[in-house]
file target09.pdb (PDB, C-alpha atoms)
ATOM      1  CA  ASP A 109      -5.755   3.241  16.483  1.00  0.00           C
ATOM      2  CA  VAL A 110      -6.689   4.073  12.926  1.00  0.00           C
ATOM      3  CA  LYS A 111      -9.188   1.682  11.491  1.00  0.00           C
ATOM      4  CA  VAL A 112      -9.880   1.186   7.821  1.00  0.00           C
ATOM      5  CA  THR A 113     -12.567  -1.327   7.001  1.00  0.00           C
ATOM      6  CA  GLN A 114     -13.636  -2.816   3.701  1.00  0.00           C
ATOM      7  CA  SER A 115     -17.116  -4.165   3.102  1.00  0.00           C
ATOM      8  CA  SER A 116     -16.115  -7.664   2.010  1.00  0.00           C
ATOM      9  CA  ARG A 117     -13.062  -9.888   2.395  1.00  0.00           C
ATOM     10  CA  TYR A 118     -14.058 -12.117  -0.511  1.00  0.00           C
ATOM     11  CA  LEU A 119     -16.384 -11.401  -3.405  1.00  0.00           C
ATOM     12  CA  VAL A 120     -17.352 -13.456  -6.460  1.00  0.00           C
ATOM     13  CA  LYS A 121     -19.136 -11.742  -9.341  1.00  0.00           C
ATOM     14  CA  ARG A 122     -20.035 -12.556 -12.916  1.00  0.00           C
ATOM     15  CA  THR A 123     -18.794 -10.786 -16.033  1.00  0.00           C
ATOM     16  CA  GLY A 124     -20.880  -7.713 -16.799  1.00  0.00           C
ATOM     17  CA  GLU A 125     -22.138  -7.184 -13.252  1.00  0.00           C
ATOM     18  CA  LYS A 126     -21.859  -3.805 -11.559  1.00  0.00           C
ATOM     19  CA  VAL A 127     -19.677  -4.161  -8.475  1.00  0.00           C
ATOM     20  CA  PHE A 128     -19.374  -1.840  -5.482  1.00  0.00           C
ATOM     21  CA  LEU A 129     -16.431  -2.029  -3.086  1.00  0.00           C
ATOM     22  CA  GLU A 130     -16.846   0.059   0.045  1.00  0.00           C
ATOM     23  CA  CYS A 131     -14.165   1.492   2.300  1.00  0.00           C
ATOM     24  CA  VAL A 132     -14.683   3.334   5.585  1.00  0.00           C
ATOM     25  CA  GLN A 133     -12.093   5.020   7.812  1.00  0.00           C
ATOM     26  CA  ASP A 134     -12.649   6.332  11.313  1.00  0.00           C
ATOM     27  CA  MET A 135      -9.808   8.838  11.691  1.00  0.00           C
ATOM     28  CA  ASP A 136     -11.255  11.850   9.871  1.00  0.00           C
ATOM     29  CA  HIS A 137      -8.581  11.512   7.188  1.00  0.00           C
ATOM     30  CA  GLU A 138      -8.757  13.793   4.180  1.00  0.00           C
ATOM     31  CA  ASN A 139      -7.047  11.436   1.726  1.00  0.00           C
ATOM     32  CA  MET A 140      -8.332   8.051   0.607  1.00  0.00           C
ATOM     33  CA  PHE A 141      -6.938   5.666  -1.971  1.00  0.00           C
ATOM     34  CA  TRP A 142      -7.878   2.552  -3.939  1.00  0.00           C
ATOM     35  CA  TYR A 143      -5.164   0.148  -5.107  1.00  0.00           C
ATOM     36  CA  ARG A 144      -5.184  -3.211  -6.773  1.00  0.00           C
ATOM     37  CA  GLN A 145      -2.495  -5.787  -6.105  1.00  0.00           C
ATOM     38  CA  ASP A 146      -1.546  -8.490  -8.570  1.00  0.00           C
ATOM     39  CA  PRO A 147       1.290 -11.039  -8.499  1.00  0.00           C
ATOM     40  CA  GLY A 148       4.299  -9.722 -10.358  1.00  0.00           C
ATOM     41  CA  LEU A 149       2.778  -6.246 -10.761  1.00  0.00           C
ATOM     42  CA  GLY A 150       2.707  -5.106  -7.150  1.00  0.00           C
ATOM     43  CA  LEU A 151       0.363  -2.387  -5.904  1.00  0.00           C
ATOM     44  CA  ARG A 152      -1.049  -0.017  -8.486  1.00  0.00           C
ATOM     45  CA  LEU A 153      -3.064   3.104  -7.724  1.00  0.00           C
ATOM     46  CA  ILE A 154      -6.526   3.191  -9.285  1.00  0.00           C
ATOM     47  CA  TYR A 155      -8.056   6.395  -7.862  1.00  0.00           C
ATOM     48  CA  PHE A 156      -7.552   8.689  -4.927  1.00  0.00           C
ATOM     49  CA  SER A 157      -9.485  11.483  -3.262  1.00  0.00           C
ATOM     50  CA  TYR A 158      -8.346  14.593  -1.378  1.00  0.00           C
ATOM     51  CA  ASP A 159     -11.688  15.531   0.022  1.00  0.00           C
ATOM     52  CA  VAL A 160     -15.392  14.908  -0.180  1.00  0.00           C
ATOM     53  CA  LYS A 161     -16.621  14.838  -3.779  1.00  0.00           C
ATOM     54  CA  MET A 162     -13.037  15.191  -5.024  1.00  0.00           C
ATOM     55  CA  LYS A 163     -11.364  12.449  -7.054  1.00  0.00           C
ATOM     56  CA  GLU A 164      -8.186  12.045  -9.044  1.00  0.00           C
ATOM     57  CA  LYS A 165      -7.174   9.298 -11.452  1.00  0.00           C
ATOM     58  CA  GLY A 166      -4.295   7.107 -10.478  1.00  0.00           C
ATOM     59  CA  ASP A 167      -2.190   4.964 -12.783  1.00  0.00           C
ATOM     60  CA  ILE A 168      -4.868   2.483 -13.915  1.00  0.00           C
ATOM     61  CA  PRO A 169      -8.340   4.112 -13.749  1.00  0.00           C
ATOM     62  CA  GLU A 170      -9.764   2.442 -16.857  1.00  0.00           C
ATOM     63  CA  GLY A 171     -12.848   0.356 -16.108  1.00  0.00           C
ATOM     64  CA  TYR A 172     -13.302   1.896 -12.654  1.00  0.00           C
ATOM     65  CA  SER A 173     -15.049   4.866 -11.110  1.00  0.00           C
ATOM     66  CA  VAL A 174     -15.227   6.147  -7.534  1.00  0.00           C
ATOM     67  CA  SER A 175     -17.561   8.012  -5.245  1.00  0.00           C
ATOM     68  CA  ARG A 176     -16.885  10.005  -2.099  1.00  0.00           C
ATOM     69  CA  GLU A 177     -20.106  11.510  -0.775  1.00  0.00           C
ATOM     70  CA  LYS A 178     -18.942  11.493   2.865  1.00  0.00           C
ATOM     71  CA  LYS A 179     -15.488  12.096   4.242  1.00  0.00           C
ATOM     72  CA  GLU A 180     -15.199   8.688   5.885  1.00  0.00           C
ATOM     73  CA  ARG A 181     -16.396   6.604   2.946  1.00  0.00           C
ATOM     74  CA  PHE A 182     -14.748   5.961  -0.432  1.00  0.00           C
ATOM     75  CA  SER A 183     -16.385   3.589  -2.877  1.00  0.00           C
ATOM     76  CA  LEU A 184     -14.845   1.866  -5.874  1.00  0.00           C
ATOM     77  CA  ILE A 185     -17.240   0.952  -8.677  1.00  0.00           C
ATOM     78  CA  LEU A 186     -16.708  -1.532 -11.465  1.00  0.00           C
ATOM     79  CA  GLU A 187     -19.362  -0.512 -13.979  1.00  0.00           C
ATOM     80  CA  SER A 188     -19.212  -3.784 -15.918  1.00  0.00           C
ATOM     81  CA  ALA A 189     -16.925  -6.313 -14.303  1.00  0.00           C
ATOM     82  CA  SER A 190     -14.498  -8.227 -16.495  1.00  0.00           C
ATOM     83  CA  THR A 191     -12.289 -11.225 -15.775  1.00  0.00           C
ATOM     84  CA  ASN A 192      -9.144  -9.087 -15.931  1.00  0.00           C
ATOM     85  CA  GLN A 193     -10.425  -7.193 -12.897  1.00  0.00           C
ATOM     86  CA  THR A 194     -10.002 -10.294 -10.740  1.00  0.00           C
ATOM     87  CA  SER A 195      -7.572  -9.043  -8.123  1.00  0.00           C
ATOM     88  CA  MET A 196      -6.950  -8.045  -4.517  1.00  0.00           C
ATOM     89  CA  TYR A 197      -8.300  -4.544  -3.884  1.00  0.00           C
ATOM     90  CA  LEU A 198      -6.817  -2.479  -1.073  1.00  0.00           C
ATOM     91  CA  CYS A 199      -8.164   0.742   0.350  1.00  0.00           C
ATOM     92  CA  ALA A 200      -5.993   3.196   2.314  1.00  0.00           C
ATOM     93  CA  SER A 201      -6.343   6.553   4.013  1.00  0.00           C
ATOM     94  CA  SER A 202      -3.988   9.265   5.250  1.00  0.00           C
ATOM     95  CA  SER A 203      -4.220  12.669   6.864  1.00  0.00           C
ATOM     96  CA  GLY A 204      -4.095  15.797   4.754  1.00  0.00           C
ATOM     97  CA  THR A 205      -0.958  17.214   6.378  1.00  0.00           C
ATOM     98  CA  GLY A 206       1.336  15.770   3.759  1.00  0.00           C
ATOM     99  CA  GLY A 207       3.866  13.015   4.139  1.00  0.00           C
ATOM    100  CA  ASP A 208       1.766  11.037   6.608  1.00  0.00           C
ATOM    101  CA  THR A 209       1.687   7.270   6.502  1.00  0.00           C
ATOM    102  CA  GLN A 210      -1.086   5.492   4.664  1.00  0.00           C
ATOM    103  CA  TYR A 211      -3.261   3.135   6.713  1.00  0.00           C
ATOM    104  CA  PHE A 212      -4.592   0.134   4.852  1.00  0.00           C
ATOM    105  CA  GLY A 213      -7.735  -1.922   5.115  1.00  0.00           C
ATOM    106  CA  PRO A 214      -7.651  -5.743   5.114  1.00  0.00           C
ATOM    107  CA  GLY A 215      -8.339  -5.992   1.377  1.00  0.00           C
ATOM    108  CA  THR A 216     -11.100  -7.470  -0.774  1.00  0.00           C
ATOM    109  CA  ARG A 217     -10.295 -10.495  -2.901  1.00  0.00           C
ATOM    110  CA  LEU A 218     -12.542 -10.091  -5.966  1.00  0.00           C
ATOM    111  CA  THR A 219     -13.041 -12.927  -8.430  1.00  0.00           C
ATOM    112  CA  VAL A 220     -14.883 -12.221 -11.672  1.00  0.00           C
ATOM    113  CA  LEU A 221     -16.127 -15.350 -13.453  1.00  0.00           C
TER     114      LEU A 221
ATOM    115  CA  LYS B  72       9.039   8.298 -13.721  1.00  0.00           C
ATOM    116  CA  GLN B  73       9.858   6.890 -10.299  1.00  0.00           C
ATOM    117  CA  GLU B  74      10.608   3.172 -10.188  1.00  0.00           C
ATOM    118  CA  VAL B  75      11.125   1.156  -7.033  1.00  0.00           C
ATOM    119  CA  THR B  76      12.874  -2.212  -6.930  1.00  0.00           C
ATOM    120  CA  GLN B  77      13.552  -4.623  -4.086  1.00  0.00           C
ATOM    121  CA  ILE B  78      16.229  -7.251  -3.732  1.00  0.00           C
ATOM    122  CA  PRO B  79      16.007 -10.107  -3.049  1.00  0.00           C
ATOM    123  CA  ALA B  80      12.541 -11.126  -4.220  1.00  0.00           C
ATOM    124  CA  ALA B  81      12.509 -13.931  -1.658  1.00  0.00           C
ATOM    125  CA  LEU B  82      14.622 -14.827   1.333  1.00  0.00           C
ATOM    126  CA  SER B  83      14.684 -17.808   3.667  1.00  0.00           C
ATOM    127  CA  VAL B  84      16.730 -17.667   6.878  1.00  0.00           C
ATOM    128  CA  PRO B  85      17.028 -19.698  10.091  1.00  0.00           C
ATOM    129  CA  GLU B  86      15.546 -18.236  13.252  1.00  0.00           C
ATOM    130  CA  GLY B  87      17.852 -15.884  15.133  1.00  0.00           C
ATOM    131  CA  GLU B  88      19.714 -14.609  12.103  1.00  0.00           C
ATOM    132  CA  ASN B  89      20.125 -10.886  11.410  1.00  0.00           C
ATOM    133  CA  LEU B  90      19.078  -9.905   7.910  1.00  0.00           C
ATOM    134  CA  VAL B  91      18.939  -6.974   5.502  1.00  0.00           C
ATOM    135  CA  LEU B  92      16.312  -6.190   2.898  1.00  0.00           C
ATOM    136  CA  ASN B  93      17.144  -3.745   0.123  1.00  0.00           C
ATOM    137  CA  CYS B  94      15.102  -1.130  -1.693  1.00  0.00           C
ATOM    138  CA  SER B  95      16.234   1.076  -4.593  1.00  0.00           C
ATOM    139  CA  PHE B  96      14.504   4.007  -6.250  1.00  0.00           C
ATOM    140  CA  THR B  97      15.390   5.922  -9.397  1.00  0.00           C
ATOM    141  CA  ASP B  98      14.356   9.498  -8.529  1.00  0.00           C
ATOM    142  CA  SER B  99      15.992  10.956  -5.426  1.00  0.00           C
ATOM    143  CA  ALA B 100      13.450  13.810  -5.179  1.00  0.00           C
ATOM    144  CA  ILE B 101      11.315  12.057  -2.587  1.00  0.00           C
ATOM    145  CA  TYR B 102       9.238  13.293   0.330  1.00  0.00           C
ATOM    146  CA  ASN B 103       9.569  10.150   2.411  1.00  0.00           C
ATOM    147  CA  LEU B 104      10.088   6.399   2.266  1.00  0.00           C
ATOM    148  CA  GLN B 105       8.097   3.790   4.150  1.00  0.00           C
ATOM    149  CA  TRP B 106       8.493   0.119   4.895  1.00  0.00           C
ATOM    150  CA  PHE B 107       5.361  -1.996   5.145  1.00  0.00           C
ATOM    151  CA  ARG B 108       4.664  -5.560   6.148  1.00  0.00           C
ATOM    152  CA  GLN B 109       2.000  -7.685   4.482  1.00  0.00           C
ATOM    153  CA  ASP B 110       0.832 -11.053   5.754  1.00  0.00           C
ATOM    154  CA  PRO B 111      -0.686 -13.475   3.209  1.00  0.00           C
ATOM    155  CA  GLY B 112      -4.134 -12.368   2.072  1.00  0.00           C
ATOM    156  CA  LYS B 113      -4.094  -9.313   4.317  1.00  0.00           C
ATOM    157  CA  GLY B 114      -3.638  -5.572   4.043  1.00  0.00           C
ATOM    158  CA  LEU B 115      -0.420  -3.636   4.641  1.00  0.00           C
ATOM    159  CA  THR B 116       0.875  -2.548   8.032  1.00  0.00           C
ATOM    160  CA  SER B 117       3.240   0.403   8.263  1.00  0.00           C
ATOM    161  CA  LEU B 118       6.517  -0.456  10.019  1.00  0.00           C
ATOM    162  CA  LEU B 119       8.727   2.600   9.642  1.00  0.00           C
ATOM    163  CA  LEU B 120       8.533   5.945   7.890  1.00  0.00           C
ATOM    164  CA  ILE B 121      11.674   7.940   7.100  1.00  0.00           C
ATOM    165  CA  GLN B 122      11.311  11.566   6.083  1.00  0.00           C
ATOM    166  CA  SER B 123      13.617  12.771   3.313  1.00  0.00           C
ATOM    167  CA  SER B 124      15.635  14.828   5.817  1.00  0.00           C
ATOM    168  CA  GLN B 125      16.291  11.785   8.032  1.00  0.00           C
ATOM    169  CA  ARG B 126      18.906   9.056   7.688  1.00  0.00           C
ATOM    170  CA  GLU B 127      17.313   6.284   9.715  1.00  0.00           C
ATOM    171  CA  GLN B 128      14.433   5.179  11.919  1.00  0.00           C
ATOM    172  CA  THR B 129      14.294   2.430  14.515  1.00  0.00           C
ATOM    173  CA  SER B 130      11.458   0.460  16.051  1.00  0.00           C
ATOM    174  CA  GLY B 131      12.284  -2.460  18.290  1.00  0.00           C
ATOM    175  CA  ARG B 132      14.274  -5.011  16.277  1.00  0.00           C
ATOM    176  CA  LEU B 133      13.793  -3.058  13.063  1.00  0.00           C
ATOM    177  CA  ASN B 134      16.078  -0.365  11.696  1.00  0.00           C
ATOM    178  CA  ALA B 135      15.578   1.364   8.369  1.00  0.00           C
ATOM    179  CA  SER B 136      18.140   3.607   6.708  1.00  0.00           C
ATOM    180  CA  LEU B 137      17.800   6.036   3.836  1.00  0.00           C
ATOM    181  CA  ASP B 138      20.477   7.289   1.429  1.00  0.00           C
ATOM    182  CA  LYS B 139      18.683   9.653  -0.926  1.00  0.00           C
ATOM    183  CA  SER B 140      21.731  10.490  -3.017  1.00  0.00           C
ATOM    184  CA  SER B 141      22.284   6.863  -3.989  1.00  0.00           C
ATOM    185  CA  GLY B 142      18.556   6.047  -4.145  1.00  0.00           C
ATOM    186  CA  ARG B 143      18.710   3.289  -1.558  1.00  0.00           C
ATOM    187  CA  SER B 144      17.086   2.165   1.635  1.00  0.00           C
ATOM    188  CA  THR B 145      17.718  -0.882   3.774  1.00  0.00           C
ATOM    189  CA  LEU B 146      15.557  -2.584   6.362  1.00  0.00           C
ATOM    190  CA  TYR B 147      17.580  -4.394   9.018  1.00  0.00           C
ATOM    191  CA  ILE B 148      15.839  -7.045  11.113  1.00  0.00           C
ATOM    192  CA  ALA B 149      17.742  -8.234  14.166  1.00  0.00           C
ATOM    193  CA  ALA B 150      17.381 -11.668  15.716  1.00  0.00           C
ATOM    194  CA  SER B 151      14.722 -12.823  13.270  1.00  0.00           C
ATOM    195  CA  GLN B 152      11.723 -14.836  14.515  1.00  0.00           C
ATOM    196  CA  PRO B 153       9.218 -17.088  12.709  1.00  0.00           C
ATOM    197  CA  GLY B 154       6.587 -14.399  13.320  1.00  0.00           C
ATOM    198  CA  ASP B 155       8.595 -12.084  11.071  1.00  0.00           C
ATOM    199  CA  SER B 156       7.670 -14.242   8.071  1.00  0.00           C
ATOM    200  CA  ALA B 157       5.758 -11.991   5.684  1.00  0.00           C
ATOM    201  CA  THR B 158       6.239  -9.872   2.578  1.00  0.00           C
ATOM    202  CA  TYR B 159       8.021  -6.575   3.138  1.00  0.00           C
ATOM    203  CA  LEU B 160       7.339  -3.681   0.799  1.00  0.00           C
ATOM    204  CA  CYS B 161       9.038  -0.348   0.538  1.00  0.00           C
ATOM    205  CA  ALA B 162       7.133   2.641  -0.791  1.00  0.00           C
ATOM    206  CA  VAL B 163       8.347   6.025  -1.936  1.00  0.00           C
ATOM    207  CA  MET B 164       6.304   9.204  -1.698  1.00  0.00           C
ATOM    208  CA  GLY B 165       7.279  11.804  -4.281  1.00  0.00           C
ATOM    209  CA  THR B 166       7.246  15.554  -3.829  1.00  0.00           C
ATOM    210  CA  SER B 167       3.617  15.567  -4.998  1.00  0.00           C
ATOM    211  CA  TYR B 168       3.123  13.852  -1.708  1.00  0.00           C
ATOM    212  CA  ASP B 169      -0.097  12.120  -2.374  1.00  0.00           C
ATOM    213  CA  LYS B 170       1.384   9.687  -4.902  1.00  0.00           C
ATOM    214  CA  VAL B 171       3.107   6.676  -3.414  1.00  0.00           C
ATOM    215  CA  ILE B 172       5.044   4.191  -5.547  1.00  0.00           C
ATOM    216  CA  PHE B 173       5.452   0.699  -4.120  1.00  0.00           C
ATOM    217  CA  GLY B 174       8.213  -1.808  -4.709  1.00  0.00           C
ATOM    218  CA  PRO B 175       7.357  -5.419  -5.600  1.00  0.00           C
ATOM    219  CA  GLY B 176       8.225  -6.701  -2.150  1.00  0.00           C
ATOM    220  CA  THR B 177      10.573  -9.229  -0.561  1.00  0.00           C
ATOM    221  CA  SER B 178       8.987 -12.446   0.694  1.00  0.00           C
ATOM    222  CA  LEU B 179      10.687 -13.428   3.950  1.00  0.00           C
ATOM    223  CA  SER B 180      10.489 -16.856   5.525  1.00  0.00           C
ATOM    224  CA  VAL B 181      12.093 -17.426   8.935  1.00  0.00           C
ATOM    225  CA  ILE B 182      12.576 -21.113   9.634  1.00  0.00           C
ATOM    226  CA  PRO B 183      12.260 -22.285  13.269  1.00  0.00           C
TER     227      PRO B 183
END
call {"tool": "encode", "arguments": {"input": "target09.pdb", "output": "structure tokens"}}
result
Amino acid sequence: DVKVTQSSRYLVKRTGEKVFLECVQDMDHENMFWYRQDPGLGLRLIYFSYDVKMKEKGDIPEGYSVSREKKERFSLILESASTNQTSMYLCASSSGTGGDTQYFGPGTRLTVL
Amino acid sequence: KQEVTQIPAALSVPEGENLVLNCSFTDSAIYNLQWFRQDPGKGLTSLLLIQSSQREQTSGRLNASLDKSSGRSTLYIAASQPGDSATYLCAVMGTSYDKVIFGPGTSLSVIP
């Protein structure tokens, strides 16, 4: 079974802090994704990556950056956390063959005070 | 720009009932469509994936259909159970296959 893990289930940070969210997958998938999910807005794509050291902006990249130094690990970085970044963050991965399903991690509930 | 909608937003049914969830999308040039399940506070679990060349997929009590020309998909759940209570999301993958657009979800509650 594909396994996607996220470093924290719940996280509380203060405004202005630098925040790292980590995601690891164990299926040698080429593609990895970061979404945020908010009530009434659904899932929105923040960043995705096709391969190591590759990254592409999604629909809402402002205020975020990403890092993919190893194939299995994709990190989401909030350079200076703000209250409007309080959300559920979901990581996903998929194979590079095209059209494959995305496998999701359990999510990180981030609260910024 | 692709938009995905789901009707109804919420649904409550008695146990044992058959039910249909609806998904609509505006751009028929899709690569595939998926249905996911999400339990409260958890990640998404893939239920069914229908390629653009297919009309339907089945898994146990679940059957999903796809009509690309009309921009619609339905998820049929037979003999519903309380364990089916969750939010169901449909997601459309466009021809630039890496971008997936999600619908807002239907919150299903199956009453024992």
call {"tool": "closest_atom_pairs", "arguments": {"input": "target09.pdb", "of": "chain B", "to": "chain A", "cutoff": "7 Å", "atoms": "all atoms listed in the file", "output": "Markdown table"}}
result
| residue | atom | partner | partner_atom | distance |
| --- | --- | --- | --- | --- |
| B:Tyr102 | CA | A:Gly207 | CA | 6.6 |
| B:Asn103 | CA | A:Gly207 | CA | 6.6 |
| B:Lys113 | CA | A:Pro214 | CA | 5.1 |
| B:Gly114 | CA | A:Pro214 | CA | 4.2 |
| B:Leu115 | CA | A:Phe212 | CA | 5.6 |
| B:Thr116 | CA | A:Phe212 | CA | 6.9 |
| B:Tyr168 | CA | A:Gly207 | CA | 6.0 |
| B:Phe173 | CA | A:Leu151 | CA | 6.2 |
| B:Gly174 | CA | A:Gly150 | CA | 6.9 |
| B:Pro175 | CA | A:Gly150 | CA | 4.9 |
call {"tool": "residues_around", "arguments": {"input": "target09.pdb", "residues": "Ser124 (chain B)", "least_positions_apart": "4", "cutoff": "12 Å", "atoms": "all atoms listed in the file", "output": "list of chain:residue names"}}
result
B:Ser99, B:Ala100, B:Ile101, B:Tyr102, B:Asn103, B:Leu104, B:Leu120, B:Gln128, B:Ser136, B:Leu137, B:Asp138, B:Lys139, B:Ser140
call {"tool": "residues_around", "arguments": {"input": "target09.pdb", "residues": "Lys179 (chain A)", "least_positions_apart": "6", "cutoff": "10 Å", "atoms": "all atoms listed in the file", "output": "PyMOL selection string"}}
result
chain A and resi 132-140+157-161
call {"tool": "residues_around", "arguments": {"input": "target09.pdb", "residues": "Asp98 (chain B)", "least_positions_apart": "6", "cutoff": "9 Å", "atoms": "all atoms listed in the file", "output": "PyMOL selection string"}}
result
chain B and resi 72-74+139+142+165
call {"tool": "closest_residue", "arguments": {"input": "target09.pdb", "among": "A:Ser183, A:Ser115, A:Gln193, A:Thr123", "to": "Leu218 (chain A)", "atoms": "all atoms listed in the file"}}
result
A:Gln193
call {"tool": "resolve_selection", "arguments": {"input": "target09.pdb", "expression": "the PyMOL selection byres ((chain B and resi 79-86) around 6)", "output": "PyMOL selection string"}}
result
chain B and resi 78+87-88+151-152+177-183
call {"tool": "residues_around", "arguments": {"input": "target09.pdb", "residues": "Leu133 (chain B)", "least_positions_apart": "5", "cutoff": "7 Å", "atoms": "only C-alpha atoms", "output": "PDB file with C-alpha atoms, keeping the file's coordinate frame"}}
result
ATOM      1  CA  LEU B 146      15.557  -2.584   6.362  1.00  0.00           C
ATOM      2  CA  TYR B 147      17.580  -4.394   9.018  1.00  0.00           C
ATOM      3  CA  ILE B 148      15.839  -7.045  11.113  1.00  0.00           C
ATOM      4  CA  ALA B 149      17.742  -8.234  14.166  1.00  0.00           C
TER       5      ALA B 149
END
call {"tool": "atom_distance", "arguments": {"input": "target09.pdb", "atom1": "CA of Cys94 (chain B)", "atom2": "CA of Ile168 (chain A)"}}
result
23.7 Å
call {"tool": "atom_distance", "arguments": {"input": "target09.pdb", "atom1": "CA of Pro169 (chain A)", "atom2": "CA of Tyr143 (chain A)"}}
result
10.0 Å
